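Peer 1: One file is attached below, work30.pdb, containing PDB, C-alpha atoms.
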ATOM      1  CA  MET A  10     -23.784  -3.662 -29.298
ATOM      2  CA  THR A  11     -24.115  -6.489 -26.783
ATOM      3  CA  ILE A  12     -22.017  -7.326 -23.722
ATOM      4  CA  ASN A  13     -20.576 -10.124 -25.812
ATOM      5  CA  ASP A  14     -19.404  -7.572 -28.416
ATOM      6  CA  ILE A  15     -17.679  -5.613 -25.647
ATOM      7  CA  LYS A  16     -15.983  -8.801 -24.470
ATOM      8  CA  ASN A  17     -14.593  -9.335 -27.989
ATOM      9  CA  ILE A  18     -13.584  -5.704 -28.605
ATOM     10  CA  LEU A  19     -11.687  -5.453 -25.298
ATOM     11  CA  ASP A  20     -10.453  -9.049 -25.370
ATOM     12  CA  CYS A  21     -11.907  -9.599 -21.900
ATOM     13  CA  GLU A  22     -11.590 -12.441 -19.494
ATOM     14  CA  VAL A  23     -15.086 -13.305 -18.233
ATOM     15  CA  LEU A  24     -15.379 -13.546 -14.465
ATOM     16  CA  CYS A  25     -19.121 -14.088 -14.078
ATOM     17  CA  GLY A  26     -22.521 -13.444 -15.622
ATOM     18  CA  ASP A  27     -22.127 -14.774 -19.173
ATOM     19  CA  GLU A  28     -25.888 -15.511 -19.154
ATOM     20  CA  TYR A  29     -26.451 -11.751 -19.637
ATOM     21  CA  PHE A  30     -24.107 -11.445 -22.632
ATOM     22  CA  ASN A  31     -26.856 -11.089 -25.213
ATOM     23  CA  LYS A  32     -28.212  -7.960 -23.535
ATOM     24  CA  GLU A  33     -27.993  -4.736 -25.537
ATOM     25  CA  VAL A  34     -25.726  -1.946 -24.351
ATOM     26  CA  HIS A  35     -26.193   1.610 -25.622
ATOM     27  CA  THR A  36     -23.858   3.689 -23.457
ATOM     28  CA  ALA A  37     -20.939   3.231 -21.065
ATOM     29  CA  CYS A  38     -19.140   5.117 -18.301
ATOM     30  CA  GLY A  39     -15.454   5.018 -17.339
ATOM     31  CA  SER A  40     -14.490   6.171 -13.831
ATOM     32  CA  ASP A  41     -12.585   5.239 -10.697
ATOM     33  CA  MET A  42     -14.666   7.658  -8.648
ATOM     34  CA  MET A  43     -17.945   6.081  -7.560
ATOM     35  CA  SER A  44     -19.173   9.468  -6.295
ATOM     36  CA  ASP A  45     -19.034  10.730  -9.879
ATOM     37  CA  VAL A  46     -20.718   7.627 -11.243
ATOM     38  CA  LEU A  47     -23.603   8.235  -8.828
ATOM     39  CA  ALA A  48     -23.732  11.955  -9.586
ATOM     40  CA  TYR A  49     -23.507  12.045 -13.367
ATOM     41  CA  VAL A  50     -24.365   8.697 -14.844
ATOM     42  CA  LYS A  51     -27.822   8.040 -16.186
ATOM     43  CA  ASP A  52     -29.068   4.938 -17.940
ATOM     44  CA  GLN A  53     -25.701   3.497 -18.723
ATOM     45  CA  SER A  54     -25.259  -0.220 -18.775
ATOM     46  CA  ILE A  55     -21.507  -0.702 -18.573
ATOM     47  CA  LEU A  56     -19.021   0.610 -16.043
ATOM     48  CA  LEU A  57     -15.302   0.591 -16.842
ATOM     49  CA  THR A  58     -13.136   1.065 -13.777
ATOM     50  CA  GLY A  59      -9.729   0.439 -12.287
ATOM     51  CA  LEU A  60     -11.152   0.484  -8.769
ATOM     52  CA  VAL A  61     -11.650  -2.905  -7.177
ATOM     53  CA  ASN A  62     -13.832  -3.070  -4.082
ATOM     54  CA  ALA A  63     -17.357  -4.120  -3.102
ATOM     55  CA  GLN A  64     -18.683  -0.567  -3.508
ATOM     56  CA  VAL A  65     -18.044  -0.782  -7.268
ATOM     57  CA  ILE A  66     -20.568  -3.655  -7.456
ATOM     58  CA  ARG A  67     -23.001  -1.848  -5.137
ATOM     59  CA  THR A  68     -22.753   1.388  -7.140
ATOM     60  CA  ALA A  69     -23.387  -0.482 -10.408
ATOM     61  CA  ASP A  70     -26.356  -2.200  -8.758
ATOM     62  CA  MET A  71     -27.833   1.121  -7.596
ATOM     63  CA  MET A  72     -27.477   2.510 -11.140
ATOM     64  CA  ASP A  73     -29.031  -0.602 -12.768
ATOM     65  CA  MET A  74     -25.870  -1.396 -14.703
ATOM     66  CA  LEU A  75     -25.556  -4.737 -16.440
ATOM     67  CA  CYS A  76     -21.794  -5.210 -16.551
ATOM     68  CA  ILE A  77     -18.519  -4.024 -15.015
ATOM     69  CA  VAL A  78     -15.240  -4.163 -16.931
ATOM     70  CA  PHE A  79     -12.119  -3.931 -14.774
ATOM     71  CA  VAL A  80      -9.259  -2.307 -16.698
ATOM     72  CA  ARG A  81      -5.473  -2.783 -16.413
ATOM     73  CA  GLY A  82      -5.980  -6.515 -15.814
ATOM     74  CA  LYS A  83      -7.482  -5.959 -12.374
ATOM     75  CA  LYS A  84      -9.577  -8.727 -10.878
ATOM     76  CA  PRO A  85     -12.076  -8.800  -8.020
ATOM     77  CA  ASP A  86     -11.947 -11.376  -5.228
ATOM     78  CA  GLN A  87     -14.446 -14.202  -4.712
ATOM     79  CA  ASP A  88     -16.597 -12.125  -2.340
ATOM     80  CA  MET A  89     -17.048  -9.458  -5.012
ATOM     81  CA  ILE A  90     -17.860 -12.082  -7.652
ATOM     82  CA  ALA A  91     -20.458 -13.613  -5.304
ATOM     83  CA  LEU A  92     -22.009 -10.178  -4.731
ATOM     84  CA  ALA A  93     -22.117  -9.519  -8.497
ATOM     85  CA  ASN A  94     -23.782 -12.896  -9.095
ATOM     86  CA  GLU A  95     -26.375 -12.092  -6.446
ATOM     87  CA  ARG A  96     -27.078  -8.703  -8.072
ATOM     88  CA  GLN A  97     -27.119 -10.208 -11.594
ATOM     89  CA  ILE A  98     -24.200  -8.131 -12.849
ATOM     90  CA  ALA A  99     -21.641  -9.520 -15.302
ATOM     91  CA  LEU A 100     -17.945  -9.001 -14.481
ATOM     92  CA  MET A 101     -15.071  -8.965 -16.967
ATOM     93  CA  SER A 102     -11.414  -8.015 -16.905
ATOM     94  CA  THR A 103      -9.376  -6.493 -19.743
ATOM     95  CA  SER A 104      -5.632  -5.891 -19.863
ATOM     96  CA  HIS A 105      -6.207  -2.569 -21.670
ATOM     97  CA  ARG A 106      -5.775   0.663 -19.746
ATOM     98  CA  MET A 107      -8.797   2.885 -19.125
ATOM     99  CA  PHE A 108      -8.073   5.351 -21.955
ATOM    100  CA  THR A 109      -7.502   2.633 -24.522
ATOM    101  CA  ALA A 110     -10.509   0.571 -23.400
ATOM    102  CA  CYS A 111     -12.831   3.578 -23.648
ATOM    103  CA  GLY A 112     -11.289   4.538 -27.006
ATOM    104  CA  LEU A 113     -11.820   1.083 -28.480
ATOM    105  CA  LEU A 114     -15.475   1.050 -27.431
ATOM    106  CA  TRP A 115     -16.017   4.578 -28.763
ATOM    107  CA  GLU A 116     -14.404   3.603 -32.081
ATOM    108  CA  ASN A 117     -16.934   0.786 -32.328
ATOM    109  CA  GLY A 118     -19.897   3.091 -31.805
ATOM    110  CA  LEU A 119     -20.532   3.028 -28.056
ATOM    111  CA  ARG A 120     -21.190   6.455 -26.552
ATOM    112  CA  GLY A 121     -21.145   8.115 -23.129
ATOM    113  CA  GLY A 122     -24.523   9.666 -22.527
ATOM    114  CA  ALA A 123     -23.706  11.134 -19.111
ATOM    115  CA  TYR A 124     -24.717  14.728 -18.758
ATOM    116  CA  LEU A 125     -24.111  17.622 -16.418
ATOM    117  CA  GLU A 126     -27.239  19.256 -15.059
TER     118      GLU A 126
ATOM    119  CA  MET B   5     -51.297   0.012  -0.369
ATOM    120  CA  ASN B   6     -50.826   0.578   3.343
ATOM    121  CA  THR B   7     -47.773   2.382   4.664
ATOM    122  CA  ILE B   8     -44.767   0.070   4.864
ATOM    123  CA  LYS B   9     -42.120   0.759   7.486
ATOM    124  CA  LEU B  10     -38.550  -0.490   7.230
ATOM    125  CA  HIS B  11     -35.744  -0.144   9.755
ATOM    126  CA  TYR B  12     -32.022  -0.772   9.311
ATOM    127  CA  ILE B  13     -28.979  -0.530  11.529
ATOM    128  CA  VAL B  14     -25.957   0.536   9.453
ATOM    129  CA  ASP B  15     -22.698  -1.060  10.543
ATOM    130  CA  GLY B  16     -20.058   1.657  10.485
ATOM    131  CA  ASP B  17     -17.053  -0.585  10.828
ATOM    132  CA  ASP B  18     -17.401  -2.661   7.682
ATOM    133  CA  PHE B  19     -17.077  -0.555   4.549
ATOM    134  CA  THR B  20     -17.649  -3.532   2.241
ATOM    135  CA  ARG B  21     -21.188  -3.863   3.619
ATOM    136  CA  ALA B  22     -22.091  -0.191   3.219
ATOM    137  CA  GLY B  23     -25.046  -0.052   0.852
ATOM    138  CA  GLU B  24     -26.809  -3.207   2.000
ATOM    139  CA  ALA B  25     -29.736  -1.263   3.460
ATOM    140  CA  SER B  26     -30.116   0.748   0.221
ATOM    141  CA  ALA B  27     -30.055  -2.441  -1.849
ATOM    142  CA  SER B  28     -32.730  -3.959   0.382
ATOM    143  CA  VAL B  29     -34.982  -0.876   0.059
ATOM    144  CA  LYS B  30     -34.490  -0.900  -3.700
ATOM    145  CA  LYS B  31     -35.551  -4.553  -3.836
ATOM    146  CA  THR B  32     -38.677  -3.840  -1.771
ATOM    147  CA  LEU B  33     -39.667  -0.919  -4.025
ATOM    148  CA  ARG B  34     -39.217  -3.122  -7.071
ATOM    149  CA  GLN B  35     -41.469  -5.783  -5.551
ATOM    150  CA  LEU B  36     -44.090  -3.098  -4.889
ATOM    151  CA  GLY B  37     -44.017  -2.153  -8.564
ATOM    152  CA  ILE B  38     -42.884   1.442  -7.988
ATOM    153  CA  ASP B  39     -41.871   3.441 -11.111
ATOM    154  CA  PRO B  40     -38.215   2.650 -12.023
ATOM    155  CA  ASN B  41     -37.343   6.372 -12.200
ATOM    156  CA  ILE B  42     -38.532   6.845  -8.618
ATOM    157  CA  ILE B  43     -36.615   3.733  -7.531
ATOM    158  CA  ARG B  44     -33.444   5.119  -9.148
ATOM    159  CA  LYS B  45     -33.786   8.392  -7.228
ATOM    160  CA  VAL B  46     -34.348   6.581  -3.927
ATOM    161  CA  ALA B  47     -31.421   4.237  -4.598
ATOM    162  CA  ILE B  48     -28.991   7.089  -5.343
ATOM    163  CA  ALA B  49     -30.066   9.339  -2.446
ATOM    164  CA  LEU B  50     -30.165   6.539   0.094
ATOM    165  CA  TYR B  51     -26.905   4.911  -0.999
ATOM    166  CA  GLU B  52     -25.081   8.263  -0.819
ATOM    167  CA  GLY B  53     -26.549   8.803   2.643
ATOM    168  CA  GLU B  54     -25.646   5.334   3.813
ATOM    169  CA  ILE B  55     -22.067   5.699   2.533
ATOM    170  CA  ASN B  56     -21.816   9.045   4.363
ATOM    171  CA  MET B  57     -22.946   7.392   7.602
ATOM    172  CA  VAL B  58     -20.177   4.817   7.290
ATOM    173  CA  ILE B  59     -17.457   7.235   6.145
ATOM    174  CA  HIS B  60     -18.159  10.083   8.557
ATOM    175  CA  ALA B  61     -20.180   8.719  11.478
ATOM    176  CA  HIS B  62     -19.309   5.041  12.160
ATOM    177  CA  GLY B  63     -22.791   3.967  11.095
ATOM    178  CA  GLY B  64     -26.254   4.788  12.369
ATOM    179  CA  GLU B  65     -29.854   3.879  11.654
ATOM    180  CA  ILE B  66     -32.199   4.263   8.694
ATOM    181  CA  LYS B  67     -35.982   4.438   8.887
ATOM    182  CA  ILE B  68     -38.042   4.208   5.712
ATOM    183  CA  GLU B  69     -41.759   4.770   5.264
ATOM    184  CA  ILE B  70     -43.304   3.862   1.951
ATOM    185  CA  SER B  71     -46.820   5.278   1.501
ATOM    186  CA  PRO B  72     -48.971   5.442  -1.648
ATOM    187  CA  THR B  73     -47.819   9.042  -2.208
ATOM    188  CA  SER B  74     -44.215   9.219  -1.009
ATOM    189  CA  ILE B  75     -41.044   7.529   0.187
ATOM    190  CA  ASP B  76     -39.866   9.022   3.431
ATOM    191  CA  MET B  77     -36.265   8.381   4.498
ATOM    192  CA  LEU B  78     -34.775   9.258   7.854
ATOM    193  CA  LEU B  79     -31.047   8.722   8.397
ATOM    194  CA  LYS B  80     -29.759   9.243  11.883
ATOM    195  CA  ASP B  81     -26.218   8.981  13.230
ATOM    196  CA  LYS B  82     -24.273   9.858  16.341
ATOM    197  CA  GLY B  83     -21.185  10.961  14.459
ATOM    198  CA  LYS B  84     -19.100  14.106  14.663
ATOM    199  CA  GLY B  85     -21.754  16.253  12.979
ATOM    200  CA  ILE B  86     -21.476  18.795  10.160
ATOM    201  CA  GLU B  87     -19.927  22.111  11.144
ATOM    202  CA  ASN B  88     -21.165  24.144   8.173
ATOM    203  CA  ILE B  89     -24.097  22.556   6.315
ATOM    204  CA  GLU B  90     -24.156  25.209   3.572
ATOM    205  CA  LEU B  91     -20.477  24.552   2.822
ATOM    206  CA  ALA B  92     -20.984  20.779   2.978
ATOM    207  CA  MET B  93     -23.756  21.097   0.382
ATOM    208  CA  GLN B  94     -21.394  22.663  -2.166
ATOM    209  CA  GLU B  95     -20.347  20.309  -4.945
ATOM    210  CA  GLY B  96     -16.718  19.330  -4.605
ATOM    211  CA  TYR B  97     -16.403  20.270  -0.939
ATOM    212  CA  SER B  98     -15.361  17.284   1.126
ATOM    213  CA  THR B  99     -13.858  16.532   4.513
ATOM    214  CA  ALA B 100     -13.312  12.885   3.622
ATOM    215  CA  PRO B 101      -9.785  11.581   4.271
ATOM    216  CA  ASP B 102      -7.572  10.301   1.403
ATOM    217  CA  GLU B 103      -8.290   6.755   2.502
ATOM    218  CA  VAL B 104     -11.961   7.260   1.601
ATOM    219  CA  ARG B 105     -11.027   8.758  -1.775
ATOM    220  CA  SER B 106      -8.952   5.679  -2.554
ATOM    221  CA  LEU B 107     -12.170   3.691  -2.073
ATOM    222  CA  GLY B 108     -13.896   5.741  -4.794
ATOM    223  CA  PHE B 109     -15.794   8.189  -2.580
ATOM    224  CA  GLY B 110     -15.224  11.556  -0.972
ATOM    225  CA  ALA B 111     -15.499  13.665  -4.138
ATOM    226  CA  GLY B 112     -17.793  16.065  -2.313
ATOM    227  CA  MET B 113     -20.777  15.132  -4.475
ATOM    228  CA  GLY B 114     -22.825  13.187  -1.947
ATOM    229  CA  LEU B 115     -25.062  15.760  -0.248
ATOM    230  CA  SER B 116     -25.731  17.782  -3.407
ATOM    231  CA  ASN B 117     -26.546  14.578  -5.270
ATOM    232  CA  MET B 118     -28.949  13.580  -2.497
ATOM    233  CA  LYS B 119     -30.692  16.934  -2.767
ATOM    234  CA  LYS B 120     -30.861  16.668  -6.543
ATOM    235  CA  ASN B 121     -32.659  13.342  -6.336
ATOM    236  CA  THR B 122     -35.178  14.206  -3.616
ATOM    237  CA  ASP B 123     -38.243  16.459  -3.432
ATOM    238  CA  SER B 124     -37.374  17.545   0.094
ATOM    239  CA  MET B 125     -34.185  17.219   2.137
ATOM    240  CA  ILE B 126     -33.633  18.629   5.608
ATOM    241  CA  ILE B 127     -30.339  18.237   7.456
ATOM    242  CA  ASP B 128     -30.183  18.739  11.181
ATOM    243  CA  SER B 129     -26.705  18.475  12.639
ATOM    244  CA  THR B 130     -24.964  19.290  15.889
ATOM    245  CA  VAL B 131     -21.178  19.051  16.189
ATOM    246  CA  ASN B 132     -20.099  16.097  18.340
ATOM    247  CA  VAL B 133     -23.721  14.973  18.766
ATOM    248  CA  GLY B 134     -24.753  13.703  15.354
ATOM    249  CA  THR B 135     -26.624  14.287  12.134
ATOM    250  CA  THR B 136     -30.159  13.578  10.986
ATOM    251  CA  VAL B 137     -31.004  13.694   7.302
ATOM    252  CA  HIS B 138     -34.685  13.629   6.365
ATOM    253  CA  MET B 139     -35.442  13.042   2.686
ATOM    254  CA  ILE B 140     -38.773  12.703   0.902
ATOM    255  CA  ILE B 141     -39.361  11.555  -2.655
ATOM    256  CA  ASN B 142     -42.902  11.939  -3.968
ATOM    257  CA  ILE B 143     -44.404   9.091  -5.925
TER     258      ILE B 143
END
Any chance you could give the structure as structure tokens?
Peer 2:
Amino acid sequence: MTINDIKNILDCEVLCGDEYFNKEVHTACGSDMMSDVLAYVKDQSILLTGLVNAQVIRTADMMDMLCIVFVRGKKPDQDMIALANERQIALMSTSHRMFTACGLLWENGLRGGAYLE
Amino acid sequence: MNTIKLHYIVDGDDFTRAGEASASVKKTLRQLGIDPNIIRKVAIALYEGEINMVIHAHGGEIKIEISPTSIDMLLKDKGKGIENIELAMQEGYSTAPDEVRSLGFGAGMGLSNMKKNTDSMIIDSTVNVGTTVHMIINI
């Protein structure tokens, strides 16, 4: 699926980066713990999180992620949006909670792909 | 390719800026055309190290040397030091305060994740003097 498909499935509000919406997404990761994202996530393009601070953008950037979806209707401030624009990362916000958001994406065929070594 | 040297001062008082040095190194490696898998390893190890410097040591300095065969990373701080390095290396062990956890870090995964992503990692630490972490990733 594409980032645009994710936007539709989760009924997201787009905050920035709609120029990347045609990009293909194969796996996603849901976490509020950036330590875990850095430790376990490999080759995943979407991060779902309820955490809102600059380190979420920086973590996604380090992991080459294409898009961050903030759950529970959370929204980043202008500084975070500017940082995401600079790093070419799309930002969206959904009113769904984490569990539901992940469930909806799973139901539509998106998978995790993280592994424990 | 000649050896490229990079030097960064990490500001320990501004958490929002933690990771800027890592992002800059990542950009440089990309411009040099380094293998994306190597870049990913450097990005993870360095970002974890940089976050640690901000969380535990009020900042420090980072020296990077990129040669045709390896990426050499030296992270040096004058923080409170690590009392028991072996314990600190264990996954899940953390001395980070709750405030740090609320920022999404402090799960006790940092040092072990750094080791996992590097070919060599040596930690030298003295309590109340500081910590030096030397990491090498072969190209």
Peer 1: Could you state which residues are captured by the PyMOL selection byres ((chain A) within 7 of (chain B)) in this file, as a ChimeraX atom specification?
Peer 2: /A:41-44,47-48,63-64,67,71-72
Peer 1: Compile the contact shell of A:Gly39 as a list in words: residues with an atom at most 10 Å away, counting only C-alpha atoms, same-chain residues fewer than 3 positions apart removed.
Peer 2: Met42, Val46, Val50, Ile55, Leu56, Leu57, Thr58, Gly59, Ile77, Val78, Phe79, Val80, Met107, Phe108, Ala110, Cys111 and Gly121 of chain A
Peer 1: Env of stretch 81-91 of chain A: 6 Å cut, atoms = all atoms listed in the file, seq-sep filter 4 positions within chain, self excluded. Answer as a compact mmCIF listing (two decimals) with C-alpha atoms, in the coordinates of the input.
Peer 2:
# COMPACT_ATOMS: atom_id res chain seq x y z
CA VAL A 61 -11.65 -2.90 -7.18
CA ALA A 63 -17.36 -4.12 -3.10
CA SER A 102 -11.41 -8.02 -16.90
CA THR A 103 -9.38 -6.49 -19.74
CA SER A 104 -5.63 -5.89 -19.86
CA HIS A 105 -6.21 -2.57 -21.67
CA ARG A 106 -5.78 0.66 -19.75
Peer 1: From the options B:Ile70, B:Leu115, B:Ala61, B:Met93, which residue's atoms come nearest to B:Gly134, counting all atoms listed in the file?
Peer 2: B:Ala61
Peer 1: Taking the file as shown, find all residues satisfying the PyMOL selection byres ((chain B and resi 57) around 10) and write them as a list in words.
Peer 2: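 So the PyMOL selection byres ((chain B and resi 57) around 10) ends up selecting Val14, Asp15, Gly16, Ala22, Tyr51, Glu52, Gly53, Glu54, Ile55, Asn56, Val58, Ile59, His60, Ala61, His62, Gly63, Gly64, Glu65, Ile66, Leu79, Lys80, Asp81, Lys82, Gly83 and Thr135 of chain B.
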Peer 1: Given all atoms listed in the file as the basis, pick out the residue of B:Ile68, B:Val131, B:Ile42, B:Val104 nearest to B:Ser28.
Peer 2: B:Ile68
Peer 1: Can you list, as a list in words, every protein, DNA or RNA residue that comes within 12 Å of B:Ile8 when you count only C-alpha atoms, leaving out same-chain residues fewer than 3 positions away?
Peer 2: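 Neighbouring residues, sequence-local ones excluded: Met5, His11, Val29, Thr32, Leu33, Leu36, Lys67, Ile68, Glu69, Ile70, Ser71, Pro72, Thr73, Ser74, Ile75, Asp76 and Met77 of chain B.
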Peer 1: For the selection you just gave me, I'd like the residues written to a file as a PDB file, in the coordinates of the input, keeping C-alpha atoms.
Peer 2:
ATOM      1  CA  MET B   5     -51.297   0.012  -0.369  1.00  0.00           C
ATOM      2  CA  HIS B  11     -35.744  -0.144   9.755  1.00  0.00           C
ATOM      3  CA  VAL B  29     -34.982  -0.876   0.059  1.00  0.00           C
ATOM      4  CA  THR B  32     -38.677  -3.840  -1.771  1.00  0.00           C
ATOM      5  CA  LEU B  33     -39.667  -0.919  -4.025  1.00  0.00           C
ATOM      6  CA  LEU B  36     -44.090  -3.098  -4.889  1.00  0.00           C
ATOM      7  CA  LYS B  67     -35.982   4.438   8.887  1.00  0.00           C
ATOM      8  CA  ILE B  68     -38.042   4.208   5.712  1.00  0.00           C
ATOM      9  CA  GLU B  69     -41.759   4.770   5.264  1.00  0.00           C
ATOM     10  CA  ILE B  70     -43.304   3.862   1.951  1.00  0.00           C
ATOM     11  CA  SER B  71     -46.820   5.278   1.501  1.00  0.00           C
ATOM     12  CA  PRO B  72     -48.971   5.442  -1.648  1.00  0.00           C
ATOM     13  CA  THR B  73     -47.819   9.042  -2.208  1.00  0.00           C
ATOM     14  CA  SER B  74     -44.215   9.219  -1.009  1.00  0.00           C
ATOM     15  CA  ILE B  75     -41.044   7.529   0.187  1.00  0.00           C
ATOM     16  CA  ASP B  76     -39.866   9.022   3.431  1.00  0.00           C
ATOM     17  CA  MET B  77     -36.265   8.381   4.498  1.00  0.00           C
TER      18      MET B  77
END
Peer 1: Given the file above and the PyMOL selection byres ((chain A and resi 118) around 12), which residues are selected, and can you give them as a PyMOL selection string?
Peer 2: chain A and resi 10-11+14-15+18+34-37+111-117+119-121
Peer 1: Could you tell me how far atom CA of B:Asn41 sits from atom CA of A:Ile98, in Å to one decimal place?
Peer 2: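 Atom CA of B:Asn41 lies at a distance of 19.6 Å from atom CA of A:Ile98.
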Peer 1: With N, CA, C and O atoms as the target, complete stretch 69-81 of chain B and hand it back as a tab-separated table (two decimals), keeping the file's coordinate frame.
Peer 2:
chain	number	residue	atom	x	y	z
B	69	GLU	N	-40.31	4.94	5.31
B	69	GLU	CA	-41.76	4.77	5.26
B	69	GLU	C	-42.22	4.91	3.83
B	69	GLU	O	-42.03	5.95	3.20
B	70	ILE	N	-42.80	3.84	3.33
B	70	ILE	CA	-43.30	3.86	1.95
B	70	ILE	C	-44.83	3.97	2.01
B	70	ILE	O	-45.50	3.08	2.53
B	71	SER	N	-45.37	5.09	1.52
B	71	SER	CA	-46.82	5.28	1.50
B	71	SER	C	-47.26	5.36	0.03
B	71	SER	O	-46.40	5.40	-0.86
B	72	PRO	N	-48.54	5.36	-0.24
B	72	PRO	CA	-48.97	5.44	-1.65
B	72	PRO	C	-48.52	6.73	-2.34
B	72	PRO	O	-48.49	6.79	-3.57
B	73	THR	N	-48.16	7.76	-1.58
B	73	THR	CA	-47.82	9.04	-2.21
B	73	THR	C	-46.34	9.44	-2.09
B	73	THR	O	-45.88	10.32	-2.81
B	74	SER	N	-45.61	8.81	-1.17
B	74	SER	CA	-44.22	9.22	-1.01
B	74	SER	C	-43.34	8.14	-0.37
B	74	SER	O	-43.84	7.18	0.22
B	75	ILE	N	-42.02	8.36	-0.52
B	75	ILE	CA	-41.04	7.53	0.19
B	75	ILE	C	-40.28	8.46	1.11
B	75	ILE	O	-39.66	9.43	0.67
B	76	ASP	N	-40.41	8.17	2.39
B	76	ASP	CA	-39.87	9.02	3.43
B	76	ASP	C	-38.64	8.33	4.03
B	76	ASP	O	-38.72	7.19	4.47
B	77	MET	N	-37.50	9.02	4.02
B	77	MET	CA	-36.26	8.38	4.50
B	77	MET	C	-35.63	9.20	5.62
B	77	MET	O	-35.38	10.39	5.44
B	78	LEU	N	-35.39	8.57	6.73
B	78	LEU	CA	-34.78	9.26	7.85
B	78	LEU	C	-33.46	8.55	8.21
B	78	LEU	O	-33.46	7.37	8.56
B	79	LEU	N	-32.36	9.29	8.10
B	79	LEU	CA	-31.05	8.72	8.40
B	79	LEU	C	-30.48	9.43	9.61
B	79	LEU	O	-30.33	10.65	9.62
B	80	LYS	N	-30.18	8.64	10.62
B	80	LYS	CA	-29.76	9.24	11.88
B	80	LYS	C	-28.44	8.64	12.36
B	80	LYS	O	-28.29	7.42	12.40
B	81	ASP	N	-27.48	9.51	12.69
B	81	ASP	CA	-26.22	8.98	13.23
B	81	ASP	C	-25.77	9.77	14.45
B	81	ASP	O	-26.31	10.84	14.73
